[in-house]
>>> print(open('query_28.cif').read())   # mmCIF, C-alpha atoms
data_model
#
loop_
_atom_site.group_PDB
_atom_site.id
_atom_site.type_symbol
_atom_site.label_atom_id
_atom_site.label_comp_id
_atom_site.auth_asym_id
_atom_site.auth_seq_id
_atom_site.Cartn_x
_atom_site.Cartn_y
_atom_site.Cartn_z
ATOM 1 C CA MET A 4 -69.572 -39.893 -103.748
ATOM 2 C CA SER A 5 -66.979 -38.030 -101.707
ATOM 3 C CA HIS A 6 -63.722 -39.763 -100.822
ATOM 4 C CA ILE A 7 -62.444 -39.988 -97.273
ATOM 5 C CA HIS A 8 -58.678 -40.158 -96.833
ATOM 6 C CA HIS A 9 -57.264 -41.692 -93.675
ATOM 7 C CA ALA A 10 -53.551 -41.773 -92.911
ATOM 8 C CA LEU A 11 -52.137 -44.348 -90.507
ATOM 9 C CA VAL A 12 -48.907 -42.925 -89.105
ATOM 10 C CA LEU A 13 -46.271 -44.696 -87.056
ATOM 11 C CA ASN A 14 -43.863 -42.301 -85.369
ATOM 12 C CA LEU A 15 -40.550 -43.801 -84.278
ATOM 13 C CA HIS A 16 -37.862 -41.961 -82.335
ATOM 14 C CA GLN A 17 -34.835 -42.641 -80.195
ATOM 15 C CA PRO A 18 -32.785 -39.831 -78.615
ATOM 16 C CA PRO A 19 -29.187 -39.481 -79.852
ATOM 17 C CA ASN A 20 -27.017 -42.447 -78.813
ATOM 18 C CA ASN A 21 -29.837 -43.901 -76.718
ATOM 19 C CA LEU A 22 -29.792 -47.353 -78.313
ATOM 20 C CA ASP A 23 -26.032 -47.592 -77.794
ATOM 21 C CA ASP A 24 -26.438 -46.539 -74.158
ATOM 22 C CA LEU A 25 -29.211 -49.093 -73.624
ATOM 23 C CA LEU A 26 -27.118 -51.769 -75.288
ATOM 24 C CA ALA A 27 -24.458 -51.334 -72.622
ATOM 25 C CA GLU A 28 -26.875 -51.518 -69.677
ATOM 26 C CA HIS A 29 -30.166 -53.109 -70.821
ATOM 27 C CA GLU A 30 -29.424 -55.182 -73.914
ATOM 28 C CA TRP A 31 -32.811 -56.892 -73.846
ATOM 29 C CA GLU A 32 -34.587 -53.532 -74.281
ATOM 30 C CA VAL A 33 -32.644 -52.829 -77.480
ATOM 31 C CA LYS A 34 -33.532 -56.262 -78.808
ATOM 32 C CA GLU A 35 -37.223 -55.707 -78.112
ATOM 33 C CA ILE A 36 -37.106 -52.323 -79.862
ATOM 34 C CA LEU A 37 -35.431 -53.820 -82.922
ATOM 35 C CA PHE A 38 -37.817 -56.796 -82.985
ATOM 36 C CA ALA A 39 -40.718 -54.319 -83.031
ATOM 37 C CA LEU A 40 -39.165 -52.358 -85.917
ATOM 38 C CA ASP A 41 -38.345 -55.500 -87.865
ATOM 39 C CA ARG A 42 -41.895 -56.781 -87.424
ATOM 40 C CA MET A 43 -43.364 -53.946 -89.534
ATOM 41 C CA PRO A 44 -42.117 -54.990 -92.981
ATOM 42 C CA ARG A 45 -42.462 -58.675 -92.127
ATOM 43 C CA ALA A 46 -46.127 -58.238 -91.208
ATOM 44 C CA CYS A 47 -46.932 -56.160 -94.290
ATOM 45 C CA TRP A 48 -44.758 -57.805 -96.934
ATOM 46 C CA ASP A 49 -47.381 -60.245 -98.229
ATOM 47 C CA TYR A 50 -50.045 -57.533 -98.394
ATOM 48 C CA GLU A 51 -48.508 -55.017 -100.797
ATOM 49 C CA ASP A 52 -51.892 -54.601 -102.487
ATOM 50 C CA LEU A 53 -53.533 -53.487 -99.221
ATOM 51 C CA ALA A 54 -50.964 -52.394 -96.641
ATOM 52 C CA ARG A 55 -50.221 -48.666 -96.516
ATOM 53 C CA VAL A 56 -48.187 -47.176 -93.680
ATOM 54 C CA HIS A 57 -47.004 -43.604 -93.214
ATOM 55 C CA LEU A 58 -43.758 -43.910 -91.316
ATOM 56 C CA SER A 59 -41.890 -41.163 -89.471
ATOM 57 C CA MET A 60 -38.408 -41.925 -88.122
ATOM 58 C CA SER A 61 -36.305 -39.286 -86.402
ATOM 59 C CA GLY A 62 -32.862 -38.492 -87.757
ATOM 60 C CA SER A 63 -31.195 -39.551 -84.529
ATOM 61 C CA LEU A 64 -32.838 -42.987 -84.808
ATOM 62 C CA LEU A 65 -31.860 -43.321 -88.478
ATOM 63 C CA GLU A 66 -28.324 -42.220 -87.620
ATOM 64 C CA THR A 67 -27.980 -45.163 -85.247
ATOM 65 C CA LEU A 68 -29.687 -47.702 -87.517
ATOM 66 C CA GLY A 69 -27.509 -46.611 -90.423
ATOM 67 C CA SER A 70 -24.289 -46.970 -88.434
ATOM 68 C CA GLN A 71 -22.205 -49.924 -89.574
ATOM 69 C CA THR A 72 -20.788 -50.246 -86.055
ATOM 70 C CA PHE A 73 -24.286 -50.545 -84.555
ATOM 71 C CA GLN A 74 -25.358 -52.974 -87.262
ATOM 72 C CA GLU A 75 -22.372 -55.201 -86.460
ATOM 73 C CA LYS A 76 -23.227 -55.131 -82.753
ATOM 74 C CA MET A 77 -26.758 -56.335 -83.499
ATOM 75 C CA TYR A 78 -25.802 -59.018 -86.003
ATOM 76 C CA GLY A 79 -27.418 -62.248 -84.886
ATOM 77 C CA THR A 80 -30.350 -60.371 -83.359
ATOM 78 C CA VAL A 81 -31.759 -58.320 -86.255
ATOM 79 C CA LYS A 82 -30.161 -57.601 -89.616
ATOM 80 C CA VAL A 83 -30.534 -53.836 -89.307
ATOM 81 C CA GLY A 84 -29.240 -53.207 -92.826
ATOM 82 C CA ASP A 85 -31.907 -55.532 -94.232
ATOM 83 C CA LEU A 86 -34.535 -53.777 -92.118
ATOM 84 C CA LEU A 87 -33.661 -50.407 -93.662
ATOM 85 C CA TRP A 88 -33.700 -51.980 -97.115
ATOM 86 C CA HIS A 89 -37.179 -53.432 -96.560
ATOM 87 C CA LEU A 90 -38.495 -50.040 -95.407
ATOM 88 C CA GLN A 91 -37.655 -48.703 -98.874
ATOM 89 C CA ASN A 92 -40.670 -50.575 -100.269
ATOM 90 C CA GLU A 93 -42.765 -47.632 -101.501
ATOM 91 C CA LYS A 94 -45.776 -49.866 -102.160
ATOM 92 C CA ILE A 95 -46.125 -50.236 -98.395
ATOM 93 C CA PHE A 96 -44.238 -47.426 -96.673
ATOM 94 C CA ASN A 97 -44.620 -43.718 -97.268
ATOM 95 C CA ILE A 98 -41.692 -42.167 -95.406
ATOM 96 C CA LEU A 99 -42.567 -38.797 -93.869
ATOM 97 C CA GLY A 100 -40.170 -35.951 -93.282
ATOM 98 C CA THR A 101 -39.605 -34.700 -89.740
ATOM 99 C CA GLY A 102 -37.086 -32.805 -87.620
ATOM 100 C CA TYR A 103 -33.680 -34.500 -87.426
ATOM 101 C CA TYR A 104 -33.209 -34.282 -83.660
ATOM 102 C CA HIS A 105 -36.955 -34.482 -82.853
ATOM 103 C CA PRO A 106 -37.407 -30.874 -81.665
ATOM 104 C CA VAL A 107 -40.721 -29.372 -80.618
ATOM 105 C CA PHE A 108 -40.824 -26.895 -83.505
ATOM 106 C CA PRO A 109 -42.983 -24.200 -81.832
ATOM 107 C CA LEU A 110 -40.526 -24.127 -78.896
ATOM 108 C CA THR A 111 -37.444 -24.148 -81.146
ATOM 109 C CA PRO A 112 -35.907 -20.938 -82.574
ATOM 110 C CA GLU A 113 -37.376 -20.527 -86.037
ATOM 111 C CA ALA A 114 -33.908 -19.828 -87.424
ATOM 112 C CA ASP A 115 -33.071 -23.499 -86.747
ATOM 113 C CA TRP A 116 -36.109 -25.002 -88.474
ATOM 114 C CA ASP A 117 -34.401 -25.137 -91.864
ATOM 115 C CA ALA A 118 -31.379 -26.998 -90.530
ATOM 116 C CA GLN A 119 -33.513 -29.534 -88.630
ATOM 117 C CA THR A 120 -35.540 -30.233 -91.786
ATOM 118 C CA LYS A 121 -32.694 -30.206 -94.325
ATOM 119 C CA ARG A 122 -30.497 -32.402 -92.149
ATOM 120 C CA TRP A 123 -33.292 -34.976 -91.915
ATOM 121 C CA GLN A 124 -33.805 -34.850 -95.684
ATOM 122 C CA GLY A 125 -30.108 -35.592 -96.127
ATOM 123 C CA ILE A 126 -30.164 -38.818 -94.134
ATOM 124 C CA GLY A 127 -33.586 -39.732 -95.499
ATOM 125 C CA LYS A 128 -32.393 -39.500 -99.103
ATOM 126 C CA HIS A 129 -29.279 -41.483 -98.232
ATOM 127 C CA LEU A 130 -30.991 -44.378 -96.460
ATOM 128 C CA PHE A 131 -34.276 -44.583 -98.402
ATOM 129 C CA TRP A 132 -32.961 -43.884 -101.905
ATOM 130 C CA ARG A 133 -35.508 -41.266 -102.890
ATOM 131 C CA GLU A 134 -35.561 -37.533 -103.474
ATOM 132 C CA ASN A 135 -39.056 -36.596 -102.352
ATOM 133 C CA PHE A 136 -40.882 -37.196 -99.082
ATOM 134 C CA GLN A 137 -44.581 -36.425 -99.279
ATOM 135 C CA GLY A 138 -45.849 -35.546 -95.836
ATOM 136 C CA PHE A 139 -44.391 -34.279 -92.585
ATOM 137 C CA TRP A 140 -44.726 -35.468 -89.013
ATOM 138 C CA PRO A 141 -44.138 -32.700 -86.453
ATOM 139 C CA PRO A 142 -42.167 -34.177 -83.531
ATOM 140 C CA GLU A 143 -44.284 -34.553 -80.385
ATOM 141 C CA MET A 144 -47.218 -33.424 -82.600
ATOM 142 C CA GLY A 145 -46.067 -29.892 -81.809
ATOM 143 C CA PHE A 146 -47.612 -27.565 -84.390
ATOM 144 C CA CYS A 147 -48.196 -23.885 -85.008
ATOM 145 C CA MET A 148 -49.458 -21.914 -88.014
ATOM 146 C CA GLU A 149 -45.989 -20.463 -88.636
ATOM 147 C CA MET A 150 -44.838 -23.928 -89.702
ATOM 148 C CA ILE A 151 -47.061 -23.964 -92.796
ATOM 149 C CA PRO A 152 -44.867 -21.694 -94.992
ATOM 150 C CA HIS A 153 -41.875 -23.717 -93.831
ATOM 151 C CA LEU A 154 -43.477 -26.982 -94.986
ATOM 152 C CA VAL A 155 -44.518 -25.419 -98.299
ATOM 153 C CA LYS A 156 -40.902 -24.342 -98.813
ATOM 154 C CA TYR A 157 -39.732 -27.947 -98.559
ATOM 155 C CA GLY A 158 -42.450 -29.457 -100.803
ATOM 156 C CA TYR A 159 -44.411 -32.032 -98.062
ATOM 157 C CA LEU A 160 -47.711 -29.784 -98.992
ATOM 158 C CA ASP A 161 -47.581 -29.771 -102.889
ATOM 159 C CA THR A 162 -49.745 -32.793 -103.768
ATOM 160 C CA HIS A 163 -53.325 -31.844 -102.924
ATOM 161 C CA GLY A 164 -52.974 -28.068 -102.938
ATOM 162 C CA ALA A 165 -54.588 -25.623 -100.537
ATOM 163 C CA HIS A 166 -58.204 -24.447 -100.730
ATOM 164 C CA GLY A 167 -59.975 -22.022 -98.426
ATOM 165 C CA ARG A 168 -58.741 -20.873 -95.046
ATOM 166 C CA VAL A 169 -58.423 -22.647 -91.733
ATOM 167 C CA LYS A 170 -56.965 -21.758 -88.366
ATOM 168 C CA VAL A 171 -54.979 -24.486 -86.644
ATOM 169 C CA HIS A 172 -54.528 -24.094 -82.924
ATOM 170 C CA THR A 173 -50.999 -24.192 -81.581
ATOM 171 C CA GLY A 174 -50.433 -27.287 -79.478
ATOM 172 C CA ALA A 175 -49.092 -30.813 -79.063
ATOM 173 C CA TRP A 176 -50.282 -34.111 -77.608
ATOM 174 C CA ASN A 177 -51.873 -34.024 -74.181
ATOM 175 C CA THR A 178 -52.749 -36.290 -71.279
ATOM 176 C CA GLU A 179 -54.885 -35.898 -68.174
ATOM 177 C CA ASP A 180 -51.897 -34.256 -66.482
ATOM 178 C CA HIS A 181 -50.572 -32.139 -69.363
ATOM 179 C CA TYR A 182 -52.356 -29.858 -71.803
ATOM 180 C CA GLY A 183 -50.677 -29.711 -75.176
ATOM 181 C CA ASP A 184 -51.744 -26.160 -75.984
ATOM 182 C CA ASP A 185 -49.224 -24.646 -73.542
ATOM 183 C CA PHE A 186 -46.376 -27.176 -74.053
ATOM 184 C CA THR A 187 -46.147 -27.677 -70.290
ATOM 185 C CA GLN A 188 -44.505 -31.064 -70.764
ATOM 186 C CA TRP A 189 -41.383 -29.395 -72.134
ATOM 187 C CA SER A 190 -41.453 -25.904 -70.659
ATOM 188 C CA GLY A 191 -43.224 -25.933 -67.313
ATOM 189 C CA THR A 192 -40.388 -26.120 -64.782
ATOM 190 C CA PRO A 193 -37.800 -23.429 -64.006
ATOM 191 C CA GLU A 194 -35.048 -25.725 -65.306
ATOM 192 C CA GLN A 195 -36.883 -26.236 -68.595
ATOM 193 C CA LYS A 196 -37.571 -22.516 -68.986
ATOM 194 C CA GLU A 197 -33.934 -21.648 -68.304
ATOM 195 C CA ALA A 198 -32.754 -24.213 -70.857
ATOM 196 C CA HIS A 199 -35.113 -22.859 -73.527
ATOM 197 C CA ALA A 200 -33.920 -19.323 -72.869
ATOM 198 C CA ARG A 201 -30.311 -20.403 -73.278
ATOM 199 C CA VAL A 202 -31.094 -22.268 -76.515
ATOM 200 C CA LYS A 203 -32.536 -19.054 -77.959
ATOM 201 C CA GLU A 204 -29.515 -17.045 -76.807
ATOM 202 C CA VAL A 205 -26.943 -19.463 -78.225
ATOM 203 C CA SER A 206 -28.934 -19.909 -81.445
ATOM 204 C CA ALA A 207 -28.949 -16.147 -82.015
ATOM 205 C CA ALA A 208 -25.182 -15.975 -81.442
ATOM 206 C CA PHE A 209 -24.622 -18.898 -83.798
ATOM 207 C CA HIS A 210 -26.607 -17.405 -86.679
ATOM 208 C CA LYS A 211 -24.956 -14.014 -86.259
ATOM 209 C CA LEU A 212 -21.460 -15.504 -86.535
ATOM 210 C CA GLN A 213 -22.496 -17.875 -89.317
ATOM 211 C CA ALA A 214 -23.729 -14.947 -91.416
ATOM 212 C CA GLU A 215 -20.502 -13.039 -90.793
ATOM 213 C CA VAL A 216 -18.351 -16.004 -91.855
ATOM 214 C CA GLU A 217 -20.431 -16.655 -94.981
ATOM 215 C CA ALA A 218 -19.858 -13.047 -96.072
ATOM 216 C CA LEU A 219 -16.059 -13.377 -95.963
ATOM 217 C CA PRO A 220 -13.924 -14.288 -99.015
ATOM 218 C CA ASP A 221 -12.452 -17.778 -98.971
ATOM 219 C CA ASP A 222 -9.044 -18.290 -97.372
ATOM 220 C CA PRO A 223 -7.554 -20.935 -95.032
ATOM 221 C CA ASN A 224 -8.694 -19.147 -91.878
ATOM 222 C CA VAL A 225 -12.234 -18.809 -93.173
ATOM 223 C CA MET A 226 -12.278 -22.505 -94.037
ATOM 224 C CA GLN A 227 -11.200 -23.348 -90.488
ATOM 225 C CA ALA A 228 -13.917 -21.077 -89.147
ATOM 226 C CA GLU A 229 -16.511 -22.764 -91.360
ATOM 227 C CA HIS A 230 -15.463 -26.134 -89.930
ATOM 228 C CA GLN A 231 -15.968 -24.827 -86.401
ATOM 229 C CA ILE A 232 -19.362 -23.384 -87.421
ATOM 230 C CA ASN A 233 -20.447 -26.801 -88.706
ATOM 231 C CA GLU A 234 -19.297 -28.472 -85.495
ATOM 232 C CA ALA A 235 -21.208 -25.884 -83.473
ATOM 233 C CA GLN A 236 -24.401 -26.276 -85.480
ATOM 234 C CA TRP A 237 -25.097 -29.960 -84.983
ATOM 235 C CA ARG A 238 -24.526 -29.573 -81.257
ATOM 236 C CA LEU A 239 -26.990 -26.689 -81.162
ATOM 237 C CA LEU A 240 -29.559 -28.767 -83.053
ATOM 238 C CA ARG A 241 -28.998 -31.775 -80.792
ATOM 239 C CA ALA A 242 -29.541 -29.599 -77.723
ATOM 240 C CA GLU A 243 -33.063 -28.948 -79.072
ATOM 241 C CA THR A 244 -34.088 -32.643 -78.788
ATOM 242 C CA SER A 245 -37.522 -32.787 -77.178
ATOM 243 C CA CYS A 246 -36.515 -35.606 -74.792
ATOM 244 C CA ASN A 247 -33.918 -33.348 -73.175
ATOM 245 C CA PHE A 248 -36.736 -31.093 -71.987
ATOM 246 C CA TYR A 249 -39.442 -33.679 -71.375
ATOM 247 C CA TRP A 250 -37.399 -35.613 -68.826
ATOM 248 C CA ALA A 251 -36.813 -32.358 -66.962
ATOM 249 C CA GLN A 252 -34.090 -32.430 -64.298
ATOM 250 C CA ALA A 253 -32.799 -35.832 -65.401
ATOM 251 C CA TRP A 254 -32.049 -34.767 -68.991
ATOM 252 C CA VAL A 255 -31.923 -30.961 -69.033
ATOM 253 C CA PRO A 256 -28.155 -31.100 -68.306
ATOM 254 C CA ARG A 257 -27.774 -32.600 -71.795
ATOM 255 C CA VAL A 258 -29.055 -29.328 -73.229
ATOM 256 C CA HIS A 259 -26.356 -27.384 -71.445
ATOM 257 C CA GLU A 260 -23.629 -29.883 -72.338
ATOM 258 C CA ASP A 261 -24.349 -29.461 -76.040
ATOM 259 C CA LEU A 262 -24.727 -25.695 -75.734
ATOM 260 C CA ASP A 263 -21.383 -25.512 -73.910
ATOM 261 C CA ALA A 264 -19.781 -27.426 -76.794
ATOM 262 C CA CYS A 265 -21.535 -25.219 -79.333
ATOM 263 C CA GLN A 266 -20.230 -22.064 -77.693
ATOM 264 C CA TRP A 267 -16.705 -23.481 -77.531
ATOM 265 C CA HIS A 268 -16.704 -24.086 -81.281
ATOM 266 C CA LEU A 269 -18.064 -20.593 -81.885
ATOM 267 C CA MET A 270 -15.201 -19.151 -79.845
ATOM 268 C CA GLU A 271 -12.749 -21.242 -81.870
ATOM 269 C CA ALA A 272 -14.266 -19.877 -85.087
ATOM 270 C CA GLU A 273 -13.797 -16.331 -83.817
ATOM 271 C CA ARG A 274 -10.236 -17.108 -82.718
ATOM 272 C CA VAL A 275 -9.056 -18.387 -86.136
ATOM 273 C CA LEU A 276 -10.507 -15.307 -87.796
#
>>> encode(input="query_28.cif", output="structure tokens")
Amino acid sequence: MSHIHHALVLNLHQPPNNLDDLLAEHEWEVKEILFALDRMPRACWDYEDLARVHLSMSGSLLETLGSQTFQEKMYGTVKVGDLLWHLQNEKIFNILGTGYYHPVFPLTPEADWDAQTKRWQGIGKHLFWRENFQGFWPPEMGFCMEMIPHLVKYGYLDTHGAHGRVKVHTGAWNTEDHYGDDFTQWSGTPEQKEAHARVKEVSAAFHKLQAEVEALPDDPNVMQAEHQINEAQWRLLRAETSCNFYWAQAWVPRVHEDLDACQWHLMEAERVL
């Protein structure tokens, strides 16, 4: 008899700083979000022999939940530290890797894929106390064939092996108004297209300077430049957050704000050299 494998996946994401922003203006929304998160382990705890959940949590969400300051703000509502501890139960939860800032990978410069994945692995290992994450959830379900070697490189495809050949169509989730195969949700308007073009331009400049700095011998100026490179990188990666593009004119300015900051740090790196 052949075996059928079915994976139930819960994908959880909050844009950077969004819970803190909501807390200041709509506190009840944050409480409802946390109650929903806290309900997962509580509902499954007595069913360790049956319950199996694949759980994907973006790095920006984990960053907030892991913040001691945020945890203190929510004390009396949900014990966020306890929530993270309960999600470590490997009998119930299989934590999936994903992109730290929830980028649409096929729309993101490929040179940034490694950093998005490695940065998520860093916070995942820290909060969930494990070294390996079997499985990967592509943010916004955005997938292309070029991602397969990338996932093999990071180990999420080493359990069942690969047999035969398949062709996976490029695409993401869709609705009656949006077709996922052309990523219209994130790239259809002139503002979105302009922002994507600038991300590619700034990313190329970043990687060029990063390679130049890495090739230099260590000295105090190089160390200062490396610090500026690191400051530039996380702002570049944050600019690639899918929400910044999805909410079009309302959120696209966030892309440019982070890219402006990224370019400033790149100029500072060049100045100290």
>>> atom_distance(input="query_28.cif", atom1="CA of Val12 (chain A)", atom2="CA of Leu58 (chain A)")
5.7 Å
>>> resolve_selection(input="query_28.cif", expression="the PyMOL selection byres ((chain A and resi 229) around 12)", output="ChimeraX atom specification")
/A:209,212-228,230-236,268-269,271-273,275-276
>>> closest_residue(input="query_28.cif", among="A:Val205, A:Met150, A:Leu65, A:Ala200", to="Leu130 (chain A)", atoms="only C-alpha atoms")
A:Leu65
>>> closest_atom_pairs(input="query_28.cif", of="region 147-198 of chain A", to="region 237-249 of chain A", cutoff="10 Å", atoms="only C-alpha atoms", output="CSV")
residue,atom,partner,partner_atom,distance
A:Phe186,CA,A:Tyr249,CA,9.9
A:Thr187,CA,A:Tyr249,CA,9.1
A:Gln188,CA,A:Tyr249,CA,5.7
A:Trp189,CA,A:Tyr249,CA,4.8
A:Ser190,CA,A:Phe248,CA,7.1
A:Gly191,CA,A:Phe248,CA,9.5
A:Thr192,CA,A:Phe248,CA,9.5
A:Glu194,CA,A:Phe248,CA,8.7
A:Gln195,CA,A:Phe248,CA,5.9
A:Lys196,CA,A:Phe248,CA,9.1
A:Ala198,CA,A:Phe248,CA,8.0
>>> residues_around(input="query_28.cif", residues="Asn14 (chain A)", least_positions_apart="2", cutoff="10 Å", atoms="all atoms listed in the file", output="PyMOL selection string")
chain A and resi 11-12+16+57-61+99+101+140-144
>>> closest_residue(input="query_28.cif", among="A:Ala114, A:Val155, A:Val171, A:Met148", to="Val202 (chain A)", atoms="all atoms listed in the file")
A:Ala114
>>> axis_aligned_box(input="query_28.cif", around="region 110-128 of chain A", padding_each_side="3 Å", output="JSON")
{"center_x": -35.3, "center_y": -29.8, "center_z": -89.0, "size_x": 16.4, "size_y": 25.9, "size_z": 26.2}
>>> closest_atom_pairs(input="query_28.cif", of="region 177-226 of chain A", to="region 102-113 of chain A", cutoff="8 Å", atoms="all atoms listed in the file", output="CSV")
residue,atom,partner,partner_atom,distance
A:His199,CA,A:Leu110,CA,7.7
A:Val202,CA,A:Pro112,CA,7.9
A:Lys203,CA,A:Pro112,CA,6.0
A:Ser206,CA,A:Pro112,CA,7.1
>>> write_last_selection(input="query_28.cif", atoms="C-alpha atoms", output="short mmCIF file (atom, residue, chain, number, x, y, z; two decimals), in the frame of the given file")
data_model
loop_
_atom_site.label_atom_id
_atom_site.label_comp_id
_atom_site.auth_asym_id
_atom_site.auth_seq_id
_atom_site.Cartn_x
_atom_site.Cartn_y
_atom_site.Cartn_z
CA HIS A 199 -35.11 -22.86 -73.53
CA VAL A 202 -31.09 -22.27 -76.52
CA LYS A 203 -32.54 -19.05 -77.96
CA SER A 206 -28.93 -19.91 -81.44
#
>>> residues_around(input="query_28.cif", residues="Gln91 (chain A)", least_positions_apart="5", cutoff="12 Å", atoms="all atoms listed in the file", output="list in words")
Pro44, Trp48, Val56, Leu58, Gly84, Asp85, Leu86, Phe96, Asn97, Ile98, Gly127, Lys128, His129, Leu130, Phe131, Trp132, Arg133 and Phe136 of chain A
>>> write_last_selection(input="query_28.cif", atoms="C-alpha atoms", output="PDB file, in the frame of the given file")
ATOM      1  CA  PRO A  44     -42.117 -54.990 -92.981  1.00  0.00           C
ATOM      2  CA  TRP A  48     -44.758 -57.805 -96.934  1.00  0.00           C
ATOM      3  CA  VAL A  56     -48.187 -47.176 -93.680  1.00  0.00           C
ATOM      4  CA  LEU A  58     -43.758 -43.910 -91.316  1.00  0.00           C
ATOM      5  CA  GLY A  84     -29.240 -53.207 -92.826  1.00  0.00           C
ATOM      6  CA  ASP A  85     -31.907 -55.532 -94.232  1.00  0.00           C
ATOM      7  CA  LEU A  86     -34.535 -53.777 -92.118  1.00  0.00           C
ATOM      8  CA  PHE A  96     -44.238 -47.426 -96.673  1.00  0.00           C
ATOM      9  CA  ASN A  97     -44.620 -43.718 -97.268  1.00  0.00           C
ATOM     10  CA  ILE A  98     -41.692 -42.167 -95.406  1.00  0.00           C
ATOM     11  CA  GLY A 127     -33.586 -39.732 -95.499  1.00  0.00           C
ATOM     12  CA  LYS A 128     -32.393 -39.500 -99.103  1.00  0.00           C
ATOM     13  CA  HIS A 129     -29.279 -41.483 -98.232  1.00  0.00           C
ATOM     14  CA  LEU A 130     -30.991 -44.378 -96.460  1.00  0.00           C
ATOM     15  CA  PHE A 131     -34.276 -44.583 -98.402  1.00  0.00           C
ATOM     16  CA  TRP A 132     -32.961 -43.884-101.905  1.00  0.00           C
ATOM     17  CA  ARG A 133     -35.508 -41.266-102.890  1.00  0.00           C
ATOM     18  CA  PHE A 136     -40.882 -37.196 -99.082  1.00  0.00           C
TER      19      PHE A 136
END
>>> residues_around(input="query_28.cif", residues="Lys34 (chain A)", least_positions_apart="2", cutoff="10 Å", atoms="all atoms listed in the file", output="list in words")
Leu22, Leu25, Leu26, His29, Glu30, Trp31, Glu32, Ile36, Leu37, Phe38, Ala39, Leu40, Met77, Thr80 and Val81 of chain A
>>> closest_residue(input="query_28.cif", among="A:Ala118, A:Ile126, A:Met43, A:Ala27", to="Leu68 (chain A)", atoms="all atoms listed in the file")
A:Ile126
>>> atom_distance(input="query_28.cif", atom1="CA of Asn21 (chain A)", atom2="CA of Trp250 (chain A)")
13.7 Å
>>> residues_around(input="query_28.cif", residues="Thr67 (chain A)", least_positions_apart="5", cutoff="10 Å", atoms="all atoms listed in the file", output="JSON, numbers by chain")
{"A": [17, 18, 19, 20, 21, 22, 23, 62, 72, 73, 74, 83]}
>>> closest_residue(input="query_28.cif", among="A:Glu75, A:Glu204, A:Asp41, A:Asp184", to="Gln266 (chain A)", atoms="only C-alpha atoms")
A:Glu204
>>> atom_distance(input="query_28.cif", atom1="CA of Gly158 (chain A)", atom2="CA of Gln137 (chain A)")
7.4 Å
>>> closest_residue(input="query_28.cif", among="A:His89, A:Trp123, A:Asp117, A:Trp267", to="Leu64 (chain A)", atoms="all atoms listed in the file")
A:Trp123
